[in-house]
file model.pdb (PDB, C-alpha atoms and all ligand atoms)
ATOM      1  CA  MET A   1     -10.375  -2.824  -5.910  1.00  0.00           C
ATOM      2  CA  ASN A   2     -11.017  -0.824  -2.719  1.00  0.00           C
ATOM      3  CA  ILE A   3      -8.953  -2.419   0.005  1.00  0.00           C
ATOM      4  CA  ILE A   4      -8.384  -1.769   3.697  1.00  0.00           C
ATOM      5  CA  LEU A   5      -5.219  -3.079   5.326  1.00  0.00           C
ATOM      6  CA  PHE A   6      -6.176  -3.678   8.918  1.00  0.00           C
ATOM      7  CA  GLY A   7      -4.186  -4.778  11.952  1.00  0.00           C
ATOM      8  CA  ALA A   8      -2.443  -3.883  15.180  1.00  0.00           C
ATOM      9  CA  PRO A   9       0.275  -1.226  15.415  1.00  0.00           C
ATOM     10  CA  GLY A  10       3.562  -2.488  13.976  1.00  0.00           C
ATOM     11  CA  VAL A  11       2.078  -5.365  11.994  1.00  0.00           C
ATOM     12  CA  GLY A  12       3.417  -4.024   8.695  1.00  0.00           C
ATOM     13  CA  LYS A  13       0.343  -2.348   7.225  1.00  0.00           C
ATOM     14  CA  GLY A  14       2.349   0.593   5.873  1.00  0.00           C
ATOM     15  CA  THR A  15       5.072  -1.536   4.292  1.00  0.00           C
ATOM     16  CA  GLN A  16       2.633  -3.982   2.727  1.00  0.00           C
ATOM     17  CA  ALA A  17       0.188  -1.280   1.620  1.00  0.00           C
ATOM     18  CA  ALA A  18       2.953   0.601  -0.216  1.00  0.00           C
ATOM     19  CA  ILE A  19       4.047  -2.505  -2.138  1.00  0.00           C
ATOM     20  CA  LEU A  20       0.488  -3.548  -2.904  1.00  0.00           C
ATOM     21  CA  ALA A  21      -0.496  -0.062  -4.091  1.00  0.00           C
ATOM     22  CA  GLU A  22       2.493   0.019  -6.429  1.00  0.00           C
ATOM     23  CA  ARG A  23       1.650  -3.407  -7.778  1.00  0.00           C
ATOM     24  CA  LEU A  24      -2.041  -2.658  -8.316  1.00  0.00           C
ATOM     25  CA  GLY A  25      -1.358   0.864  -9.583  1.00  0.00           C
ATOM     26  CA  VAL A  26      -3.701   2.513  -7.076  1.00  0.00           C
ATOM     27  CA  PRO A  27      -3.030   5.149  -4.385  1.00  0.00           C
ATOM     28  CA  HIS A  28      -1.873   4.185  -0.912  1.00  0.00           C
ATOM     29  CA  ILE A  29      -3.689   6.306   1.637  1.00  0.00           C
ATOM     30  CA  SER A  30      -2.299   6.331   5.153  1.00  0.00           C
ATOM     31  CA  THR A  31      -3.825   8.826   7.571  1.00  0.00           C
ATOM     32  CA  GLY A  32      -0.778   8.379   9.828  1.00  0.00           C
ATOM     33  CA  ALA A  33       1.574   9.239   6.943  1.00  0.00           C
ATOM     34  CA  ILE A  34      -0.536  12.295   6.015  1.00  0.00           C
ATOM     35  CA  PHE A  35      -0.384  13.445   9.639  1.00  0.00           C
ATOM     36  CA  ARG A  36       3.379  12.822   9.923  1.00  0.00           C
ATOM     37  CA  ALA A  37       4.001  14.788   6.715  1.00  0.00           C
ATOM     38  CA  ALA A  38       1.912  17.685   8.047  1.00  0.00           C
ATOM     39  CA  VAL A  39       3.888  17.689  11.300  1.00  0.00           C
ATOM     40  CA  ALA A  40       7.210  17.596   9.419  1.00  0.00           C
ATOM     41  CA  ALA A  41       6.122  20.466   7.154  1.00  0.00           C
ATOM     42  CA  GLY A  42       4.997  22.554  10.129  1.00  0.00           C
ATOM     43  CA  LYS A  43       1.480  22.813   8.694  1.00  0.00           C
ATOM     44  CA  GLU A  44      -1.572  23.878  10.686  1.00  0.00           C
ATOM     45  CA  LEU A  45      -2.863  20.288  10.449  1.00  0.00           C
ATOM     46  CA  GLY A  46       0.414  19.112  11.957  1.00  0.00           C
ATOM     47  CA  LEU A  47       0.037  21.423  14.921  1.00  0.00           C
ATOM     48  CA  GLN A  48      -3.484  20.104  15.489  1.00  0.00           C
ATOM     49  CA  VAL A  49      -2.565  16.406  15.432  1.00  0.00           C
ATOM     50  CA  LYS A  50       0.913  16.259  16.961  1.00  0.00           C
ATOM     51  CA  ARG A  51      -0.050  16.001  20.618  1.00  0.00           C
ATOM     52  CA  TYR A  52      -2.391  13.068  19.952  1.00  0.00           C
ATOM     53  CA  MET A  53       0.262  11.252  17.954  1.00  0.00           C
ATOM     54  CA  ASP A  54       2.931  11.918  20.571  1.00  0.00           C
ATOM     55  CA  ASP A  55       0.655  10.377  23.210  1.00  0.00           C
ATOM     56  CA  GLY A  56      -0.419   7.422  21.047  1.00  0.00           C
ATOM     57  CA  LEU A  57      -4.039   8.564  21.081  1.00  0.00           C
ATOM     58  CA  LEU A  58      -6.471   8.803  18.201  1.00  0.00           C
ATOM     59  CA  VAL A  59      -6.710  12.149  16.472  1.00  0.00           C
ATOM     60  CA  PRO A  60     -10.352  13.319  16.793  1.00  0.00           C
ATOM     61  CA  ASP A  61     -12.696  11.723  14.267  1.00  0.00           C
ATOM     62  CA  GLU A  62     -13.908  14.960  12.736  1.00  0.00           C
ATOM     63  CA  LEU A  63     -10.437  15.897  11.603  1.00  0.00           C
ATOM     64  CA  THR A  64      -9.306  12.398  10.674  1.00  0.00           C
ATOM     65  CA  THR A  65     -12.389  11.570   8.652  1.00  0.00           C
ATOM     66  CA  GLN A  66     -12.190  14.862   6.802  1.00  0.00           C
ATOM     67  CA  ILE A  67      -8.566  14.134   5.856  1.00  0.00           C
ATOM     68  CA  ALA A  68      -9.296  10.534   4.839  1.00  0.00           C
ATOM     69  CA  LEU A  69     -12.366  11.375   2.764  1.00  0.00           C
ATOM     70  CA  GLU A  70     -10.572  14.246   1.036  1.00  0.00           C
ATOM     71  CA  ALA A  71      -7.821  11.835   0.016  1.00  0.00           C
ATOM     72  CA  LEU A  72     -10.388   9.297  -1.225  1.00  0.00           C
ATOM     73  CA  ASP A  73     -12.099  11.986  -3.286  1.00  0.00           C
ATOM     74  CA  GLU A  74      -8.987  12.436  -5.425  1.00  0.00           C
ATOM     75  CA  PRO A  75      -9.619  11.266  -8.999  1.00  0.00           C
ATOM     76  CA  ALA A  76      -6.695   8.837  -8.665  1.00  0.00           C
ATOM     77  CA  CYS A  77      -8.796   6.808  -6.209  1.00  0.00           C
ATOM     78  CA  ALA A  78     -11.599   6.249  -8.724  1.00  0.00           C
ATOM     79  CA  ASN A  79     -10.095   2.930  -9.827  1.00  0.00           C
ATOM     80  CA  GLY A  80      -9.323   1.696  -6.348  1.00  0.00           C
ATOM     81  CA  PHE A  81      -7.213   2.448  -3.292  1.00  0.00           C
ATOM     82  CA  ILE A  82      -5.369   0.875  -0.400  1.00  0.00           C
ATOM     83  CA  LEU A  83      -6.384   2.372   2.940  1.00  0.00           C
ATOM     84  CA  ASP A  84      -3.912   1.913   5.776  1.00  0.00           C
ATOM     85  CA  GLY A  85      -4.659   3.061   9.341  1.00  0.00           C
ATOM     86  CA  TYR A  86      -8.202   4.185   8.640  1.00  0.00           C
ATOM     87  CA  PRO A  87     -10.855   3.498   9.869  1.00  0.00           C
ATOM     88  CA  ARG A  88      -9.727   3.063  13.474  1.00  0.00           C
ATOM     89  CA  ASN A  89     -13.031   3.119  15.358  1.00  0.00           C
ATOM     90  CA  ALA A  90     -16.717   2.430  14.759  1.00  0.00           C
ATOM     91  CA  ASP A  91     -17.619   6.015  13.877  1.00  0.00           C
ATOM     92  CA  GLN A  92     -14.858   6.211  11.283  1.00  0.00           C
ATOM     93  CA  ALA A  93     -15.986   2.892   9.799  1.00  0.00           C
ATOM     94  CA  GLN A  94     -19.523   4.221   9.528  1.00  0.00           C
ATOM     95  CA  ALA A  95     -18.378   7.540   8.016  1.00  0.00           C
ATOM     96  CA  LEU A  96     -16.290   5.697   5.437  1.00  0.00           C
ATOM     97  CA  THR A  97     -19.125   3.349   4.523  1.00  0.00           C
ATOM     98  CA  ASP A  98     -21.574   6.249   4.185  1.00  0.00           C
ATOM     99  CA  ALA A  99     -19.194   8.285   2.023  1.00  0.00           C
ATOM    100  CA  LEU A 100     -18.488   5.341  -0.286  1.00  0.00           C
ATOM    101  CA  THR A 101     -22.165   4.399  -0.495  1.00  0.00           C
ATOM    102  CA  ALA A 102     -23.002   7.969  -1.493  1.00  0.00           C
ATOM    103  CA  LYS A 103     -20.571   7.569  -4.398  1.00  0.00           C
ATOM    104  CA  GLY A 104     -22.034   4.200  -5.378  1.00  0.00           C
ATOM    105  CA  SER A 105     -18.871   2.547  -4.127  1.00  0.00           C
ATOM    106  CA  ALA A 106     -17.887   0.186  -1.307  1.00  0.00           C
ATOM    107  CA  ILE A 107     -14.998  -1.559   0.395  1.00  0.00           C
ATOM    108  CA  ASP A 108     -14.232  -4.762  -1.499  1.00  0.00           C
ATOM    109  CA  LYS A 109     -11.793  -6.444   0.862  1.00  0.00           C
ATOM    110  CA  VAL A 110     -10.422  -5.966   4.346  1.00  0.00           C
ATOM    111  CA  VAL A 111      -7.033  -7.647   4.730  1.00  0.00           C
ATOM    112  CA  TYR A 112      -6.487  -8.368   8.413  1.00  0.00           C
ATOM    113  CA  LEU A 113      -2.754  -8.748   9.063  1.00  0.00           C
ATOM    114  CA  THR A 114      -1.840 -10.622  12.226  1.00  0.00           C
ATOM    115  CA  ALA A 115       1.297 -11.244  14.301  1.00  0.00           C
ATOM    116  CA  PRO A 116       2.004 -12.048  17.974  1.00  0.00           C
ATOM    117  CA  VAL A 117       2.069  -8.950  20.201  1.00  0.00           C
ATOM    118  CA  ASP A 118       5.639  -9.668  21.393  1.00  0.00           C
ATOM    119  CA  GLU A 119       6.879  -9.555  17.828  1.00  0.00           C
ATOM    120  CA  LEU A 120       4.967  -6.335  17.137  1.00  0.00           C
ATOM    121  CA  ILE A 121       6.502  -4.572  20.121  1.00  0.00           C
ATOM    122  CA  GLU A 122       9.974  -5.731  19.128  1.00  0.00           C
ATOM    123  CA  ARG A 123       9.481  -4.471  15.557  1.00  0.00           C
ATOM    124  CA  MET A 124       8.213  -1.085  16.729  1.00  0.00           C
ATOM    125  CA  LEU A 125      11.063  -0.545  19.157  1.00  0.00           C
ATOM    126  CA  LYS A 126      13.467  -1.240  16.276  1.00  0.00           C
ATOM    127  CA  ARG A 127      11.565   1.086  13.916  1.00  0.00           C
ATOM    128  CA  GLY A 128      12.302   4.025  16.198  1.00  0.00           C
ATOM    129  CA  ARG A 129       9.562   6.435  15.129  1.00  0.00           C
ATOM    130  CA  PRO A 130       8.981   9.272  17.644  1.00  0.00           C
ATOM    131  CA  ASP A 131       5.796   7.497  18.821  1.00  0.00           C
ATOM    132  CA  ASP A 132       7.600   4.158  19.154  1.00  0.00           C
ATOM    133  CA  THR A 133       8.695   4.517  22.789  1.00  0.00           C
ATOM    134  CA  ALA A 134       7.667   1.791  25.267  1.00  0.00           C
ATOM    135  CA  ASP A 135       5.050   3.979  27.008  1.00  0.00           C
ATOM    136  CA  VAL A 136       3.444   5.260  23.829  1.00  0.00           C
ATOM    137  CA  ILE A 137       3.458   1.784  22.270  1.00  0.00           C
ATOM    138  CA  ARG A 138       1.529   0.519  25.317  1.00  0.00           C
ATOM    139  CA  THR A 139      -1.090   3.246  24.874  1.00  0.00           C
ATOM    140  CA  ARG A 140      -1.409   2.533  21.160  1.00  0.00           C
ATOM    141  CA  PHE A 141      -2.072  -1.149  21.846  1.00  0.00           C
ATOM    142  CA  GLU A 142      -4.703  -0.249  24.437  1.00  0.00           C
ATOM    143  CA  VAL A 143      -6.384   2.091  21.955  1.00  0.00           C
ATOM    144  CA  TYR A 144      -6.199  -0.622  19.303  1.00  0.00           C
ATOM    145  CA  GLN A 145      -7.815  -3.218  21.576  1.00  0.00           C
ATOM    146  CA  ARG A 146     -10.512  -0.921  22.855  1.00  0.00           C
ATOM    147  CA  GLU A 147     -11.454   1.118  19.796  1.00  0.00           C
ATOM    148  CA  THR A 148      -9.961  -0.330  16.644  1.00  0.00           C
ATOM    149  CA  SER A 149     -10.295  -4.109  16.902  1.00  0.00           C
ATOM    150  CA  PRO A 150     -14.147  -3.903  17.120  1.00  0.00           C
ATOM    151  CA  VAL A 151     -14.050  -2.378  13.624  1.00  0.00           C
ATOM    152  CA  LEU A 152     -13.149  -5.836  12.384  1.00  0.00           C
ATOM    153  CA  ASP A 153     -16.502  -7.189  13.567  1.00  0.00           C
ATOM    154  CA  TYR A 154     -18.192  -4.327  11.772  1.00  0.00           C
ATOM    155  CA  PHE A 155     -16.510  -5.338   8.520  1.00  0.00           C
ATOM    156  CA  ARG A 156     -16.982  -9.036   9.179  1.00  0.00           C
ATOM    157  CA  ALA A 157     -20.716  -8.369   9.265  1.00  0.00           C
ATOM    158  CA  VAL A 158     -20.925  -6.368   6.048  1.00  0.00           C
ATOM    159  CA  ASP A 159     -17.778  -7.060   4.066  1.00  0.00           C
ATOM    160  CA  HIS A 160     -15.181  -9.618   3.240  1.00  0.00           C
ATOM    161  CA  VAL A 161     -12.483  -9.838   5.873  1.00  0.00           C
ATOM    162  CA  THR A 162      -9.566 -12.026   4.943  1.00  0.00           C
ATOM    163  CA  GLU A 163      -6.975 -12.870   7.576  1.00  0.00           C
ATOM    164  CA  VAL A 164      -3.313 -12.994   6.596  1.00  0.00           C
ATOM    165  CA  ASN A 165      -0.352 -14.102   8.680  1.00  0.00           C
ATOM    166  CA  GLY A 166       1.933 -11.049   8.929  1.00  0.00           C
ATOM    167  CA  VAL A 167       4.957 -12.928  10.287  1.00  0.00           C
ATOM    168  CA  GLY A 168       7.883 -13.516   7.951  1.00  0.00           C
ATOM    169  CA  GLU A 169       9.754 -11.876   5.121  1.00  0.00           C
ATOM    170  CA  ILE A 170       8.133  -8.829   3.555  1.00  0.00           C
ATOM    171  CA  GLU A 171       7.804 -10.562   0.160  1.00  0.00           C
ATOM    172  CA  ASP A 172       6.282 -13.703   1.663  1.00  0.00           C
ATOM    173  CA  VAL A 173       3.653 -11.664   3.478  1.00  0.00           C
ATOM    174  CA  GLN A 174       2.933  -9.774   0.242  1.00  0.00           C
ATOM    175  CA  THR A 175       2.472 -13.067  -1.602  1.00  0.00           C
ATOM    176  CA  ARG A 176      -0.042 -14.178   1.031  1.00  0.00           C
ATOM    177  CA  ILE A 177      -1.917 -10.887   0.713  1.00  0.00           C
ATOM    178  CA  LEU A 178      -2.115 -11.213  -3.075  1.00  0.00           C
ATOM    179  CA  ALA A 179      -3.352 -14.770  -2.756  1.00  0.00           C
ATOM    180  CA  ALA A 180      -5.962 -13.704  -0.214  1.00  0.00           C
ATOM    181  CA  LEU A 181      -7.150 -10.945  -2.536  1.00  0.00           C
ATOM    182  CA  ASN A 182      -7.368 -13.397  -5.415  1.00  0.00           C
ATOM    183  CA  GLY A 183      -9.314 -15.772  -3.251  1.00  0.00           C
ATOM    184  CA  THR A 184      -6.760 -18.553  -3.617  1.00  0.00           C
ATOM    185  CA  ALA A 185      -5.497 -20.630  -0.746  1.00  0.00           C
ATOM    186  CA  VAL A 186      -1.874 -20.148   0.209  1.00  0.00           C
ATOM    187  CA  ASP A 187       0.442 -21.611   2.805  1.00  0.00           C
ATOM    188  CA  GLN A 188       0.254 -19.157   5.712  1.00  0.00           C
ATOM    189  CA  LYS A 189       3.490 -20.358   7.318  1.00  0.00           C
TER     190      LYS A 189
HETATM  191  P1  LIG B   1      -0.080   5.099  12.076  1.00  0.00           P
HETATM  192  O1  LIG B   1       0.974   5.619  11.152  1.00  0.00           O
HETATM  193  O2  LIG B   1      -1.242   4.503  11.332  1.00  0.00           O
HETATM  194  O3  LIG B   1       0.465   4.191  13.127  1.00  0.00           O
HETATM  195  O4  LIG B   1      -0.670   6.380  12.830  1.00  0.00           O
HETATM  196  C1  LIG B   1       0.138   7.174  13.689  1.00  0.00           C
HETATM  197  C2  LIG B   1      -0.744   8.033  14.572  1.00  0.00           C
HETATM  198  O5  LIG B   1      -1.529   8.922  13.770  1.00  0.00           O
HETATM  199  C3  LIG B   1      -1.747   7.279  15.437  1.00  0.00           C
HETATM  200  O6  LIG B   1      -1.176   6.813  16.644  1.00  0.00           O
HETATM  201  C4  LIG B   1      -2.798   8.367  15.675  1.00  0.00           C
HETATM  202  O7  LIG B   1      -2.362   9.308  16.640  1.00  0.00           O
HETATM  203  C5  LIG B   1      -2.814   9.079  14.330  1.00  0.00           C
HETATM  204  N1  LIG B   1      -3.804   8.431  13.413  1.00  0.00           N
HETATM  205  C6  LIG B   1      -3.527   7.793  12.241  1.00  0.00           C
HETATM  206  N2  LIG B   1      -4.651   7.331  11.684  1.00  0.00           N
HETATM  207  C7  LIG B   1      -5.662   7.657  12.522  1.00  0.00           C
HETATM  208  C8  LIG B   1      -7.074   7.418  12.524  1.00  0.00           C
HETATM  209  N3  LIG B   1      -7.666   6.728  11.543  1.00  0.00           N
HETATM  210  N4  LIG B   1      -7.792   7.941  13.558  1.00  0.00           N
HETATM  211  C9  LIG B   1      -7.215   8.651  14.538  1.00  0.00           C
HETATM  212  N5  LIG B   1      -5.898   8.867  14.613  1.00  0.00           N
HETATM  213  C10 LIG B   1      -5.116   8.383  13.623  1.00  0.00           C
END

call {"tool": "encode", "arguments": {"input": "model.pdb", "output": "structure tokens"}}
result
Amino acid sequence: MNIILFGAPGVGKGTQAAILAERLGVPHISTGAIFRAAVAAGKELGLQVKRYMDDGLLVPDELTTQIALEALDEPACANGFILDGYPRNADQAQALTDALTAKGSAIDKVVYLTAPVDELIERMLKRGRPDDTADVIRTRFEVYQRETSPVLDYFRAVDHVTEVNGVGEIEDVQTRILAALNGTAVDQK
């Protein structure tokens, strides 16, 4: 199954995507994680993306889409994948759809994880990543509202968006995600 984990910064996409990928035996592809690894390794890609990440801005589409599509082209993704943090704007959503269509593939489910903004900010401040300072968090939420949240409407129109309450214990949220993917109702509290 080709799945996108979608949601605001700090909602737990990375944590949930990693568990889900392990459980389903498919790759977890996080553009943010690829970028962070490139920065840590001092790679050319890292040098190109660091200033955007430090400021909480989107890395330019050309670069991001190239990185995401390269990852999706790996043979390991042939049986499915969990995408986390991509696409993040309308152009990326279109590029992804086009690339999958060209391969005779498609996104099967978009899991939209939700949580109150106050809780998200609290979680991010605790997480303590270099881009988790109050100022940068504010910018990332603005970018999310302006550029990323409209992507949901794009997928609502063409795909199956399923909303999942992201508040609670990691395992409880995972159980809700699995239920949503299986199309069974589950207590969202
Ligand atoms: P994340 O780990 O998903 O929170 O991403 C961390 C940072 O990496 C973001 O704030 C962006 O600077 C960059 N990034 C990750 N994914 C994307 C994307 N799809 N488009 C543009 N920038 C991205």

call {"tool": "atom_distance", "arguments": {"input": "model.pdb", "atom1": "CA of Asn165 in chain A", "atom2": "CA of Gly80 in chain A"}}
result
23.6 Å

call {"tool": "closest_residue", "arguments": {"input": "model.pdb", "among": "A:Pro27, A:Pro87, A:Pro150, A:Pro75", "to": "ligand LIG 1 (chain B)", "atoms": "all atoms listed in the file"}}
result
A:Pro87

call {"tool": "resolve_selection", "arguments": {"input": "model.pdb", "expression": "the PyMOL selection byres (((not hetatm)) within 8 of (chain B and resi 1))", "output": "ChimeraX atom specification"}}
result
/A:9-10,14,30-33,35-36,49-50,52-61,64-65,68,84-89,92,131,140

call {"tool": "atom_distance", "arguments": {"input": "model.pdb", "atom1": "CA of Val151 in chain A", "atom2": "CA of Asp91 in chain A"}}
result
9.1 Å

call {"tool": "closest_atom_pairs", "arguments": {"input": "model.pdb", "of": "range 1-38 of chain A", "to": "range 98-110 of chain A", "cutoff": "9 Å", "atoms": "only C-alpha atoms", "output": "tab-separated table"}}
result
residue	atom	partner	partner_atom	distance
A:Met1	CA	A:Asp108	CA	6.2
A:Asn2	CA	A:Ile107	CA	5.1
A:Ile3	CA	A:Lys109	CA	5.0
A:Ile4	CA	A:Val110	CA	4.7
A:Leu5	CA	A:Val110	CA	6.0
A:Phe6	CA	A:Val110	CA	6.6

call {"tool": "write_last_selection", "arguments": {"input": "model.pdb", "atoms": "C-alpha atoms", "output": "PDB file, in the coordinates of the input"}}
result
ATOM      1  CA  MET A   1     -10.375  -2.824  -5.910  1.00  0.00           C
ATOM      2  CA  ASN A   2     -11.017  -0.824  -2.719  1.00  0.00           C
ATOM      3  CA  ILE A   3      -8.953  -2.419   0.005  1.00  0.00           C
ATOM      4  CA  ILE A   4      -8.384  -1.769   3.697  1.00  0.00           C
ATOM      5  CA  LEU A   5      -5.219  -3.079   5.326  1.00  0.00           C
ATOM      6  CA  PHE A   6      -6.176  -3.678   8.918  1.00  0.00           C
TER       7      PHE A   6
END

call {"tool": "resolve_selection", "arguments": {"input": "model.pdb", "expression": "the PyMOL selection byres (((chain A and resi 167-180) around 10) and not hetatm)", "output": "PyMOL selection string"}}
result
chain A and resi 5+11-12+15-17+19-20+23+109+111-116+119-120+161-166+181-189

call {"tool": "resolve_selection", "arguments": {"input": "model.pdb", "expression": "the PyMOL selection byres (((chain A and resi 141) around 12) and not hetatm)", "output": "JSON, numbers by chain"}}
result
{"A": [7, 8, 9, 10, 11, 55, 56, 57, 58, 117, 118, 120, 121, 124, 132, 134, 135, 136, 137, 138, 139, 140, 142, 143, 144, 145, 146, 147, 148, 149]}

call {"tool": "atom_distance", "arguments": {"input": "model.pdb", "atom1": "CA of Glu44 in chain A", "atom2": "CA of Leu125 in chain A"}}
result
28.8 Å

call {"tool": "closest_residue", "arguments": {"input": "model.pdb", "among": "A:Ala41, A:Leu83, A:Asp73, A:Val26", "to": "Lys13 in chain A", "atoms": "only C-alpha atoms"}}
result
A:Leu83

call {"tool": "closest_residue", "arguments": {"input": "model.pdb", "among": "A:Val39, A:Phe81, A:Ala18, A:Ala76", "to": "Arg51 in chain A", "atoms": "only C-alpha atoms"}}
result
A:Val39

call {"tool": "closest_atom_pairs", "arguments": {"input": "model.pdb", "of": "range 38-105 of chain A", "to": "range 152-160 of chain A", "cutoff": "9 Å", "atoms": "all atoms listed in the file", "output": "tab-separated table"}}
result
residue	atom	partner	partner_atom	distance
A:Ala90	CA	A:Tyr154	CA	7.5
A:Ala93	CA	A:Tyr154	CA	7.8
A:Gln94	CA	A:Tyr154	CA	8.9
